[in-house]
Each structure stands twice: as C-alpha cells, then as structure tokens.
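Here is coords.cif, consisting of mmCIF, N, CA and C atoms:
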data_start
#
loop_
_atom_site.label_atom_id
_atom_site.label_comp_id
_atom_site.auth_asym_id
_atom_site.auth_seq_id
_atom_site.Cartn_x
_atom_site.Cartn_y
_atom_site.Cartn_z
N MET Y 12 4.69 12.93 -54.34
CA MET Y 12 4.76 12.18 -53.11
C MET Y 12 5.42 13.06 -52.05
N GLY Y 13 4.67 13.44 -51.03
CA GLY Y 13 5.19 14.29 -49.98
C GLY Y 13 5.79 13.47 -48.86
N SER Y 14 7.02 13.75 -48.54
CA SER Y 14 7.65 13.02 -47.45
C SER Y 14 7.81 13.96 -46.26
N ALA Y 15 7.76 13.38 -45.08
CA ALA Y 15 7.91 14.16 -43.86
C ALA Y 15 9.38 14.45 -43.62
N PRO Y 16 9.69 15.59 -43.02
CA PRO Y 16 11.09 15.87 -42.71
C PRO Y 16 11.65 14.86 -41.71
N VAL Y 17 12.93 14.60 -41.86
CA VAL Y 17 13.63 13.67 -40.96
C VAL Y 17 14.60 14.49 -40.13
N GLU Y 18 14.58 14.25 -38.84
CA GLU Y 18 15.49 14.94 -37.91
C GLU Y 18 16.80 14.17 -37.84
N LEU Y 19 17.90 14.84 -38.17
CA LEU Y 19 19.22 14.23 -38.12
C LEU Y 19 20.10 15.00 -37.16
N ARG Y 20 20.98 14.29 -36.46
CA ARG Y 20 21.96 14.95 -35.59
C ARG Y 20 23.35 14.66 -36.09
N VAL Y 21 24.08 15.74 -36.37
CA VAL Y 21 25.46 15.64 -36.85
C VAL Y 21 26.26 16.69 -36.12
N GLY Y 22 27.34 16.28 -35.51
CA GLY Y 22 28.20 17.22 -34.81
C GLY Y 22 27.50 17.95 -33.67
N GLY Y 23 26.56 17.25 -33.04
CA GLY Y 23 25.84 17.85 -31.93
C GLY Y 23 24.75 18.84 -32.33
N GLN Y 24 24.51 18.98 -33.62
CA GLN Y 24 23.48 19.88 -34.11
C GLN Y 24 22.38 19.10 -34.81
N SER Y 25 21.17 19.62 -34.72
CA SER Y 25 20.03 18.96 -35.37
C SER Y 25 19.74 19.62 -36.70
N TYR Y 26 19.38 18.78 -37.66
CA TYR Y 26 19.02 19.24 -38.99
C TYR Y 26 17.74 18.55 -39.41
N ARG Y 27 16.82 19.30 -39.97
CA ARG Y 27 15.59 18.72 -40.53
C ARG Y 27 15.80 18.62 -42.04
N VAL Y 28 15.64 17.41 -42.56
CA VAL Y 28 15.96 17.15 -43.96
C VAL Y 28 14.76 16.54 -44.67
N LEU Y 29 14.49 17.04 -45.86
CA LEU Y 29 13.50 16.42 -46.75
C LEU Y 29 14.27 15.75 -47.87
N SER Y 30 13.93 14.49 -48.15
CA SER Y 30 14.65 13.76 -49.19
C SER Y 30 13.79 12.62 -49.69
N SER Y 31 14.10 12.15 -50.89
CA SER Y 31 13.41 10.98 -51.42
C SER Y 31 13.98 9.70 -50.78
N ALA Y 32 15.12 9.80 -50.11
CA ALA Y 32 15.70 8.65 -49.42
C ALA Y 32 14.87 8.32 -48.19
N SER Y 33 14.95 7.08 -47.78
CA SER Y 33 14.19 6.66 -46.60
C SER Y 33 14.80 7.28 -45.34
N PRO Y 34 13.98 7.47 -44.31
CA PRO Y 34 14.51 8.00 -43.05
C PRO Y 34 15.66 7.15 -42.50
N SER Y 35 15.56 5.84 -42.61
CA SER Y 35 16.63 4.99 -42.09
C SER Y 35 17.93 5.20 -42.87
N GLU Y 36 17.83 5.38 -44.18
CA GLU Y 36 19.02 5.62 -45.00
C GLU Y 36 19.64 6.97 -44.64
N LEU Y 37 18.82 7.99 -44.48
CA LEU Y 37 19.33 9.31 -44.10
C LEU Y 37 20.03 9.25 -42.75
N LYS Y 38 19.44 8.54 -41.81
CA LYS Y 38 20.05 8.44 -40.48
C LYS Y 38 21.36 7.67 -40.53
N ARG Y 39 21.40 6.63 -41.36
CA ARG Y 39 22.64 5.86 -41.50
C ARG Y 39 23.75 6.74 -42.08
N LEU Y 40 23.43 7.50 -43.11
CA LEU Y 40 24.42 8.39 -43.72
C LEU Y 40 24.84 9.50 -42.78
N ALA Y 41 23.89 10.05 -42.03
CA ALA Y 41 24.23 11.09 -41.05
C ALA Y 41 25.17 10.52 -40.00
N ALA Y 42 24.98 9.27 -39.63
CA ALA Y 42 25.86 8.63 -38.65
C ALA Y 42 27.28 8.49 -39.21
N VAL Y 43 27.40 8.21 -40.51
CA VAL Y 43 28.71 8.12 -41.14
C VAL Y 43 29.41 9.48 -41.07
N VAL Y 44 28.67 10.54 -41.41
CA VAL Y 44 29.23 11.89 -41.36
C VAL Y 44 29.61 12.25 -39.93
N ASP Y 45 28.74 11.94 -38.99
CA ASP Y 45 28.99 12.26 -37.59
C ASP Y 45 30.24 11.53 -37.08
N GLU Y 46 30.40 10.27 -37.48
CA GLU Y 46 31.58 9.49 -37.07
C GLU Y 46 32.86 10.12 -37.63
N LYS Y 47 32.84 10.47 -38.90
CA LYS Y 47 34.01 11.09 -39.52
C LYS Y 47 34.31 12.42 -38.85
N LEU Y 48 33.28 13.17 -38.52
CA LEU Y 48 33.44 14.45 -37.85
C LEU Y 48 34.09 14.26 -36.49
N SER Y 49 33.66 13.24 -35.76
CA SER Y 49 34.23 12.99 -34.43
C SER Y 49 35.70 12.57 -34.53
N GLN Y 50 36.10 11.97 -35.66
CA GLN Y 50 37.49 11.59 -35.86
C GLN Y 50 38.36 12.80 -36.19
N MET Y 51 37.75 13.82 -36.78
CA MET Y 51 38.53 14.95 -37.28
C MET Y 51 38.50 16.18 -36.38
N VAL Y 52 37.48 16.29 -35.54
CA VAL Y 52 37.36 17.45 -34.66
C VAL Y 52 37.60 16.99 -33.22
N PRO Y 53 38.55 17.60 -32.55
CA PRO Y 53 38.83 17.21 -31.16
C PRO Y 53 37.58 17.35 -30.28
N ALA Y 54 37.44 16.45 -29.34
CA ALA Y 54 36.30 16.48 -28.42
C ALA Y 54 36.24 17.83 -27.71
N GLY Y 55 35.03 18.35 -27.59
CA GLY Y 55 34.83 19.62 -26.90
C GLY Y 55 34.97 20.84 -27.79
N ARG Y 56 35.48 20.65 -29.01
CA ARG Y 56 35.61 21.76 -29.95
C ARG Y 56 34.31 21.96 -30.70
N ALA Y 57 34.02 23.20 -31.03
CA ALA Y 57 32.81 23.52 -31.79
C ALA Y 57 32.94 22.98 -33.21
N VAL Y 58 31.83 22.51 -33.74
CA VAL Y 58 31.79 22.05 -35.13
C VAL Y 58 31.49 23.26 -35.99
N THR Y 59 32.48 23.69 -36.73
CA THR Y 59 32.34 24.88 -37.56
C THR Y 59 31.99 24.47 -38.99
N PRO Y 60 31.53 25.42 -39.80
CA PRO Y 60 31.30 25.11 -41.22
C PRO Y 60 32.58 24.60 -41.90
N GLN Y 61 33.74 25.12 -41.47
CA GLN Y 61 35.00 24.65 -42.04
C GLN Y 61 35.24 23.18 -41.71
N ALA Y 62 34.90 22.78 -40.49
CA ALA Y 62 35.05 21.38 -40.09
C ALA Y 62 34.13 20.49 -40.93
N MET Y 63 32.90 20.95 -41.15
CA MET Y 63 31.96 20.19 -41.97
C MET Y 63 32.49 20.07 -43.40
N LEU Y 64 33.09 21.15 -43.91
CA LEU Y 64 33.67 21.11 -45.25
C LEU Y 64 34.82 20.11 -45.32
N LEU Y 65 35.69 20.11 -44.31
CA LEU Y 65 36.80 19.16 -44.28
C LEU Y 65 36.30 17.72 -44.24
N VAL Y 66 35.24 17.49 -43.49
CA VAL Y 66 34.65 16.14 -43.44
C VAL Y 66 34.10 15.77 -44.81
N ALA Y 67 33.40 16.70 -45.46
CA ALA Y 67 32.87 16.42 -46.80
C ALA Y 67 34.00 16.10 -47.77
N ILE Y 68 35.10 16.85 -47.70
CA ILE Y 68 36.24 16.58 -48.58
C ILE Y 68 36.86 15.22 -48.25
N ALA Y 69 37.00 14.91 -46.97
CA ALA Y 69 37.56 13.62 -46.57
C ALA Y 69 36.69 12.47 -47.06
N LEU Y 70 35.38 12.60 -46.94
CA LEU Y 70 34.48 11.55 -47.41
C LEU Y 70 34.52 11.44 -48.94
N ALA Y 71 34.60 12.58 -49.63
CA ALA Y 71 34.72 12.55 -51.09
C ALA Y 71 36.02 11.86 -51.49
N HIS Y 72 37.08 12.10 -50.75
CA HIS Y 72 38.37 11.43 -51.01
C HIS Y 72 38.22 9.92 -50.83
N ASP Y 73 37.53 9.51 -49.77
CA ASP Y 73 37.29 8.08 -49.54
C ASP Y 73 36.53 7.46 -50.72
N VAL Y 74 35.53 8.17 -51.22
CA VAL Y 74 34.74 7.68 -52.35
C VAL Y 74 35.62 7.54 -53.59
N GLU Y 75 36.45 8.55 -53.85
CA GLU Y 75 37.34 8.50 -55.01
C GLU Y 75 38.32 7.33 -54.90
N GLN Y 76 38.89 7.10 -53.73
CA GLN Y 76 39.80 5.97 -53.55
C GLN Y 76 39.09 4.65 -53.81
N GLU Y 77 37.87 4.53 -53.32
CA GLU Y 77 37.10 3.30 -53.53
C GLU Y 77 36.79 3.10 -55.01
N ARG Y 78 36.46 4.18 -55.71
CA ARG Y 78 36.21 4.08 -57.16
C ARG Y 78 37.46 3.60 -57.88
N GLU Y 79 38.61 4.17 -57.54
CA GLU Y 79 39.86 3.75 -58.17
C GLU Y 79 40.16 2.29 -57.88
N ARG Y 80 39.92 1.87 -56.65
CA ARG Y 80 40.14 0.47 -56.28
C ARG Y 80 39.21 -0.44 -57.09
N THR Y 81 37.97 -0.05 -57.25
CA THR Y 81 37.01 -0.83 -58.02
C THR Y 81 37.42 -0.94 -59.47
N VAL Y 82 37.87 0.16 -60.06
CA VAL Y 82 38.33 0.14 -61.45
C VAL Y 82 39.52 -0.79 -61.60
N ARG Y 83 40.48 -0.72 -60.69
CA ARG Y 83 41.65 -1.61 -60.75
C ARG Y 83 41.23 -3.08 -60.65
N MET Y 84 40.29 -3.37 -59.77
CA MET Y 84 39.82 -4.75 -59.62
C MET Y 84 39.11 -5.22 -60.89
N GLN Y 85 38.32 -4.35 -61.50
CA GLN Y 85 37.63 -4.71 -62.73
C GLN Y 85 38.64 -4.97 -63.85
N GLU Y 86 39.67 -4.14 -63.92
CA GLU Y 86 40.71 -4.34 -64.95
C GLU Y 86 41.42 -5.66 -64.73
N ARG Y 87 41.74 -5.99 -63.48
CA ARG Y 87 42.39 -7.27 -63.18
C ARG Y 87 41.48 -8.44 -63.56
N THR Y 88 40.21 -8.30 -63.29
CA THR Y 88 39.25 -9.36 -63.62
C THR Y 88 39.19 -9.58 -65.12
N VAL Y 89 39.16 -8.49 -65.89
CA VAL Y 89 39.12 -8.61 -67.34
C VAL Y 89 40.40 -9.29 -67.85
N ARG Y 90 41.57 -8.89 -67.33
CA ARG Y 90 42.83 -9.51 -67.75
C ARG Y 90 42.86 -10.99 -67.39
N SER Y 91 42.41 -11.30 -66.19
CA SER Y 91 42.40 -12.70 -65.75
C SER Y 91 41.44 -13.53 -66.61
N ARG Y 92 40.28 -12.98 -66.90
CA ARG Y 92 39.32 -13.69 -67.74
C ARG Y 92 39.90 -13.93 -69.14
N SER Y 93 40.58 -12.92 -69.65
CA SER Y 93 41.19 -13.04 -70.98
C SER Y 93 42.26 -14.13 -70.98
N ARG Y 94 43.10 -14.16 -69.95
CA ARG Y 94 44.13 -15.21 -69.85
C ARG Y 94 43.49 -16.59 -69.74
N SER Y 95 42.42 -16.68 -68.98
CA SER Y 95 41.73 -17.97 -68.83
C SER Y 95 41.17 -18.44 -70.17
N GLU Y 96 40.61 -17.51 -70.92
CA GLU Y 96 40.07 -17.87 -72.23
C GLU Y 96 41.18 -18.30 -73.17
N GLU Y 97 42.34 -17.64 -73.09
CA GLU Y 97 43.49 -18.03 -73.92
C GLU Y 97 43.94 -19.44 -73.56
N HIS Y 98 44.06 -19.73 -72.27
CA HIS Y 98 44.49 -21.06 -71.83
C HIS Y 98 43.48 -22.12 -72.25
N THR Y 99 42.21 -21.81 -72.13
CA THR Y 99 41.17 -22.76 -72.53
C THR Y 99 41.26 -23.02 -74.03
N SER Y 100 41.48 -21.98 -74.77
CA SER Y 100 41.61 -22.11 -76.23
C SER Y 100 42.82 -22.98 -76.59
N GLU Y 101 43.95 -22.78 -75.90
CA GLU Y 101 45.15 -23.57 -76.14
C GLU Y 101 44.91 -25.04 -75.81
N LEU Y 102 44.17 -25.30 -74.74
CA LEU Y 102 43.90 -26.68 -74.36
C LEU Y 102 42.97 -27.37 -75.35
N GLN Y 103 42.12 -26.61 -75.97
CA GLN Y 103 41.16 -27.20 -76.91
C GLN Y 103 41.75 -27.37 -78.31
N SER Y 104 42.86 -26.71 -78.59
CA SER Y 104 43.51 -26.82 -79.91
C SER Y 104 44.21 -28.16 -80.03
N PRO Y 105 44.13 -28.79 -81.23
CA PRO Y 105 44.79 -30.11 -81.42
C PRO Y 105 46.29 -30.00 -81.47
#
For the structure just supplied, provide its representation as structure tokens.
Amino acid sequence: MGSAPVELRVGGQSYRVLSSASPSELKRLAAVVDEKLSQMVPAGRAVTPQAMLLVAIALAHDVEQERERTVRMQERTVRSRSRSEEHTSELQSP
C-alpha cells in the first residue's frame, strides 16, 4: 500500500514524511512537537538539532510519567477491587 508523503511543519521547518499513520494523525502529532518546541525555545531563536533532541527527551519524559501514573492507578484499582471482594465475602458469611 503506497501512501503519499505528508508535509509537516515543526519549528518553522517543513518535513515530508511517509508513514502508515493517517495524514491527520501525523499532523496532530507534529503539532504536539511544535507546541513543546515553542515552549522550550525562545521566540526568534533558531531551532537546532539540539533543541529538537531536548524536545524529544521532554516528550519521552512525559510519556514515562504517564505510564507510571497509569501503573499506579491500575495497582490502586486492583487493591480496591480486592478489598471490595473481601467485604462482600464477609457480608455473605453467616
């Protein structure tokens, strides 16, 4: 399946990208990167490869924090479910 390249703008530069992702998804993700870049690079400053690397690291950090938060929530859910089952069992015992 041949897909057409998608034109993305990040940090004031254009990139042509081929991907199995939809053009709308690529543009949405590029907008996320561009927003993070604008938060980290002062206005009027050139976007260097180092700046792009820092943005990638910052976004990877955000992903890791979200994963940790998700794991903690899942653990709390399991503990809560276990306590609920214990209470239900106690209520059903004669």
Would you pick out the contacts of Val58 of chain Y at 8 Å or less, using only N, CA and C atoms, so that residues sharing its chain but fewer than 6 positions from it are not included, and give the list as a ChimeraX atom specification?
/Y:21-23,52
Using the chain letters and numbers from this file, what does the PyMOL selection byres ((chain Y and resi 28) around 7) select? Give the answer as an MDAnalysis selection string.
chainID Y and resid 15:19 26:27 29:30
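Shortest separation to Val66 of chain Y among Y:Val89, Y:Val43, Y:Ala54, Y:Met84 occurs at residue Y:Val43, atoms counted being only C-alpha atoms.
Across the structure, atom C of Met51 of chain Y and atom CA of Leu37 of chain Y are spaced 21.8 Å apart.
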Correct to one decimal, the distance atom CA of Ala57 of chain Y-atom CA of Val44 of chain Y is 15.5 Å
